[in-house]
Structures are given as C-alpha cells and as structure tokens.
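Shown next: data_24.txt, containing compact mmCIF, C-alpha atoms.
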```txt
# COMPACT_ATOMS: atom_id res chain seq x y z
CA MET A 1 -2.06 -7.88 -15.55
CA VAL A 2 1.74 -7.91 -15.37
CA ASP A 3 1.92 -5.58 -18.39
CA ASP A 4 -0.56 -3.26 -16.67
CA LEU A 5 1.66 -3.16 -13.58
CA LEU A 6 4.72 -2.37 -15.66
CA ALA A 7 2.92 0.42 -17.50
CA LEU A 8 1.67 1.89 -14.21
CA SER A 9 5.14 1.63 -12.73
CA GLN A 10 6.55 3.54 -15.69
CA GLN A 11 3.92 6.27 -15.28
CA VAL A 12 4.58 6.51 -11.55
CA GLY A 13 8.34 6.59 -12.07
CA ALA A 14 8.07 9.37 -14.63
CA ALA A 15 5.75 11.41 -12.40
CA LEU A 16 7.90 10.97 -9.29
CA THR A 17 11.03 11.87 -11.23
CA ALA A 18 9.44 14.93 -12.84
CA GLY A 19 8.27 16.21 -9.46
CA GLY A 20 11.41 15.27 -7.57
CA PHE A 21 9.31 13.17 -5.17
CA SER A 22 10.14 10.10 -3.13
CA ILE A 23 7.99 7.09 -2.22
CA CYS A 24 8.05 4.27 0.31
CA ALA A 25 5.55 1.53 1.11
CA ALA A 26 4.17 -0.61 3.91
CA GLU A 27 2.67 -3.80 2.53
CA SER A 28 0.82 -6.71 4.03
CA CYS A 29 -1.31 -8.79 1.64
CA THR A 30 0.73 -7.76 -1.42
CA GLY A 31 3.90 -9.12 0.16
CA GLY A 32 6.16 -6.48 -1.40
CA LEU A 33 4.61 -6.52 -4.88
CA VAL A 34 4.12 -2.73 -4.95
CA LEU A 35 7.79 -2.03 -4.31
CA SER A 36 8.88 -4.92 -6.50
CA THR A 37 6.88 -3.43 -9.35
CA LEU A 38 8.32 0.04 -8.82
CA THR A 39 11.88 -1.27 -8.64
CA ASP A 40 11.52 -3.27 -11.85
CA LEU A 41 12.54 -0.04 -13.59
CA ALA A 42 16.14 1.07 -13.93
CA GLY A 43 16.70 4.34 -12.09
CA SER A 44 14.01 3.71 -9.49
CA SER A 45 16.55 4.24 -6.71
CA ALA A 46 16.14 7.95 -7.43
CA TYR A 47 12.64 7.90 -5.94
CA VAL A 48 12.05 4.60 -4.06
CA LEU A 49 13.39 4.94 -0.52
CA GLY A 50 12.35 1.55 0.89
CA GLY A 51 9.55 -0.21 2.64
CA PHE A 52 8.24 -2.89 4.94
CA VAL A 53 6.35 -6.11 4.49
CA THR A 54 4.45 -6.35 7.75
CA TYR A 55 2.33 -9.44 7.46
CA SER A 56 1.71 -9.97 11.17
CA ASN A 57 0.00 -7.61 13.59
CA ALA A 58 3.14 -7.66 15.74
CA ALA A 59 5.22 -6.42 12.79
CA LYS A 60 2.68 -3.70 12.01
CA MET A 61 2.96 -2.46 15.59
CA ARG A 62 6.74 -2.86 15.99
CA PHE A 63 7.94 -1.44 12.69
CA LEU A 64 5.18 0.95 11.62
CA GLY A 65 3.72 2.12 14.91
CA VAL A 66 0.22 0.79 14.26
CA ARG A 67 -1.58 1.03 17.59
CA GLU A 68 -2.65 -2.19 19.27
CA ALA A 69 -5.97 -0.55 20.10
CA THR A 70 -6.58 0.01 16.37
CA LEU A 71 -5.90 -3.63 15.58
CA LEU A 72 -8.13 -4.82 18.42
CA GLU A 73 -10.99 -2.48 17.55
CA HIS A 74 -10.86 -2.47 13.75
CA GLY A 75 -8.60 -5.37 12.77
CA ALA A 76 -5.57 -5.53 10.50
CA VAL A 77 -7.77 -5.17 7.43
CA SER A 78 -9.31 -1.77 8.04
CA GLU A 79 -9.18 1.85 6.97
CA SER A 80 -7.59 2.85 10.28
CA THR A 81 -4.82 0.28 10.01
CA ALA A 82 -4.06 1.22 6.40
CA ALA A 83 -3.80 4.89 7.40
CA GLN A 84 -1.46 4.15 10.31
CA MET A 85 0.69 1.87 8.16
CA ALA A 86 1.14 4.58 5.52
CA ARG A 87 1.84 7.30 8.08
CA GLY A 88 4.29 5.06 9.94
CA ALA A 89 6.29 4.23 6.82
CA GLN A 90 6.33 7.84 5.70
CA THR A 91 7.62 8.97 9.08
CA ILE A 92 10.39 6.36 9.12
CA PHE A 93 11.59 7.05 5.58
CA ALA A 94 10.85 10.81 5.58
CA SER A 95 9.38 10.36 2.10
CA ASP A 96 7.13 12.67 0.17
CA PHE A 97 4.55 9.90 -0.26
CA ALA A 98 3.89 6.51 1.30
CA LEU A 99 1.61 3.71 0.19
CA SER A 100 0.13 1.00 2.36
CA VAL A 101 -1.81 -2.13 1.46
CA THR A 102 -3.66 -4.42 3.84
CA GLY A 103 -6.27 -6.98 2.88
CA ILE A 104 -7.47 -10.54 2.59
CA ALA A 105 -5.96 -12.03 -0.55
CA GLY A 106 -7.59 -15.43 0.02
CA PRO A 107 -8.57 -18.10 -0.29
CA GLY A 108 -8.79 -18.26 3.52
CA GLY A 109 -8.91 -15.64 6.25
CA ALA A 110 -12.33 -14.23 5.50
CA THR A 111 -15.06 -13.45 8.01
CA ALA A 112 -18.69 -12.47 7.55
CA ASP A 113 -17.72 -8.78 7.77
CA LYS A 114 -14.46 -9.07 5.85
CA PRO A 115 -14.70 -11.26 2.75
CA VAL A 116 -11.83 -12.51 0.62
CA GLY A 117 -10.71 -9.70 -1.66
CA LEU A 118 -11.36 -6.89 0.83
CA THR A 119 -8.40 -4.52 0.63
CA TYR A 120 -7.56 -1.09 2.00
CA ILE A 121 -4.91 1.04 0.33
CA GLY A 122 -3.50 4.11 2.04
CA LEU A 123 -1.67 7.09 0.61
CA ALA A 124 0.13 9.44 3.00
CA ARG A 125 1.47 12.82 1.96
CA GLN A 126 4.00 15.16 3.60
CA SER A 127 1.11 17.57 4.20
CA GLY A 128 -0.24 15.11 6.77
CA ILE A 129 -3.18 14.07 4.62
CA VAL A 130 -3.80 10.33 4.44
CA ASN A 131 -6.38 8.97 2.01
CA VAL A 132 -7.57 5.39 2.16
CA ALA A 133 -9.38 3.58 -0.64
CA ARG A 134 -11.46 0.46 -0.06
CA HIS A 135 -11.61 -2.29 -2.69
CA LEU A 136 -13.33 -5.64 -2.91
CA TRP A 137 -11.70 -7.91 -5.50
CA THR A 138 -13.35 -11.10 -6.77
CA GLY A 139 -10.36 -13.04 -8.09
CA GLY A 140 -8.01 -15.62 -6.67
CA ARG A 141 -5.06 -14.87 -4.41
CA LEU A 142 -2.55 -13.85 -7.08
CA GLU A 143 -5.08 -11.78 -8.99
CA ASN A 144 -6.13 -10.01 -5.77
CA LYS A 145 -2.50 -9.17 -5.02
CA GLN A 146 -1.92 -7.84 -8.54
CA ARG A 147 -5.11 -5.79 -8.52
CA SER A 148 -4.19 -4.35 -5.14
CA ALA A 149 -0.71 -3.37 -6.34
CA ALA A 150 -2.19 -1.75 -9.46
CA ALA A 151 -4.77 0.11 -7.38
CA ALA A 152 -2.01 1.38 -5.07
CA LEU A 153 -0.04 2.75 -8.01
CA LYS A 154 -3.18 4.37 -9.44
CA LEU A 155 -3.94 5.96 -6.06
CA LEU A 156 -0.43 7.37 -5.95
CA LEU A 157 -0.75 8.76 -9.49
CA SER A 158 -4.05 10.43 -8.59
CA GLY A 159 -2.43 12.00 -5.53
CA LEU A 160 0.61 13.46 -7.25
CA PRO A 161 0.54 17.19 -7.99
CA GLY A 162 0.28 18.27 -11.61
```
As structure tokens, the full file:
Amino acid sequence: MVDDLLALSQQVGAALTAGGFSICAAESCTGGLVLSTLTDLAGSSAYVLGGFVTYSNAAKMRFLGVREATLLEHGAVSESTAAQMARGAQTIFASDFALSVTGIAGPGGATADKPVGLTYIGLARQSGIVNVARHLWTGGRLENKQRSAAAALKLLLSGLPG
C-alpha cells in the first residue's frame, strides 16, 4: 500500500505541476497522511500550501468553519462535514483544490449507522464545486487510513482538468 501511495503522490505532483495548481487538505481520521504522502516528494512545496489535522469537533469548527449545527445534525463523519472541511481549508489557503477526509478508522468509534471504515472524502475546487465520495473500508485502522489517503489522491486526480 505504501508503494501505491507513493505512485499516486507522484501522479498528483506531476498533474498539479503541469497545471500550475495548488492543493491543501483538512484531515481527521488520516491524521495528516494525505499531506505527508504528498510532501514525500522533493519539490512538493511548489504545489502543497498546507493543511489542518482537525481530529476534534471543536477543531473542525474553530479552524475550518464547520458549523456546529452540521456536526449536531449529521455528525463529524458525514458528507456535509467533509464538504465544509474542504471548503474551509480552501478558503483559508486560497488554493486551487482542497481535500478533506473524515471517517472512523477503528477499531472503536462505530455506531449502528456509522460502522468502522466509513469515510467521507471531499474535494473542493475554486469554481465553488465540492464533491464528496463515500467509502466503507473493511481493514484495520492503519489499512483504513492508507486506503482513505489513496482514495483522496485518486479523487483529486479525477478532478484535475486535462
């Protein structure tokens, strides 16, 4: 899986560089793995602007502008929260694209409606469009984090022009 992440990071880096685009991220369950993966490459400072690891609801609200009403109504692991996280990061960094990841990596934290492995990944664009993908992974904690990071990079690649 680590080799897959590196290969995806290289593809993303090449695509961002070719298009002159910038990226930032707001991560929860991945704990910074998306940005760590992107910055494993030399020269990534040309396109990676920064990011947030907002593990708590308070951090999501304070740093990314996620609305308390969203968290109360939908929870931290939801499409709405992922969208607001991505939009908040993009606004703060004034980036071309922003990724967000929120989920339940496990082994605890699950509910009947939100099982371990449930993850939402958001992609915000300067155009104002935010897409959110829902995933349900079946691995352990580390595998769920790695799969989520890979899925985030794939979502970004699919959203890049050209």
Rank A:Pro115, A:Gly109, A:Gly103, A:Gly122 by their smallest atom-to-atom distance to A:Ser80, using all atoms listed in the file, and report the top residue only.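 Using all atoms listed in the file, A:Ser80 sits closest to A:Gly122.
The spacing separating atom CA of A:Asp96 from atom CA of A:Gly50 amounts to 12.3 Å.
Here atom CA of A:Ala86 and atom CA of A:Leu153 stand 13.7 Å from one another.
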So that I can see what lies close to A:Gly140, please list as a count of residues only the residues with an atom at most 9 Å from it, counting all atoms listed in the file and leaving out residues fewer than 5 positions away in the same chain. 6
Write out as number ranges by chain each polymer residue whose atoms come within 10 Å of A:Leu16, counting only C-alpha atoms; drop sequence neighbours fewer than 2 positions from it. A: 10-14, 18-23, 44, 46-48, 96-97, 156-157, 160-161
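Note that atom CA of A:Ser148 and atom CA of A:Ser9 are 13.4 Å apart.
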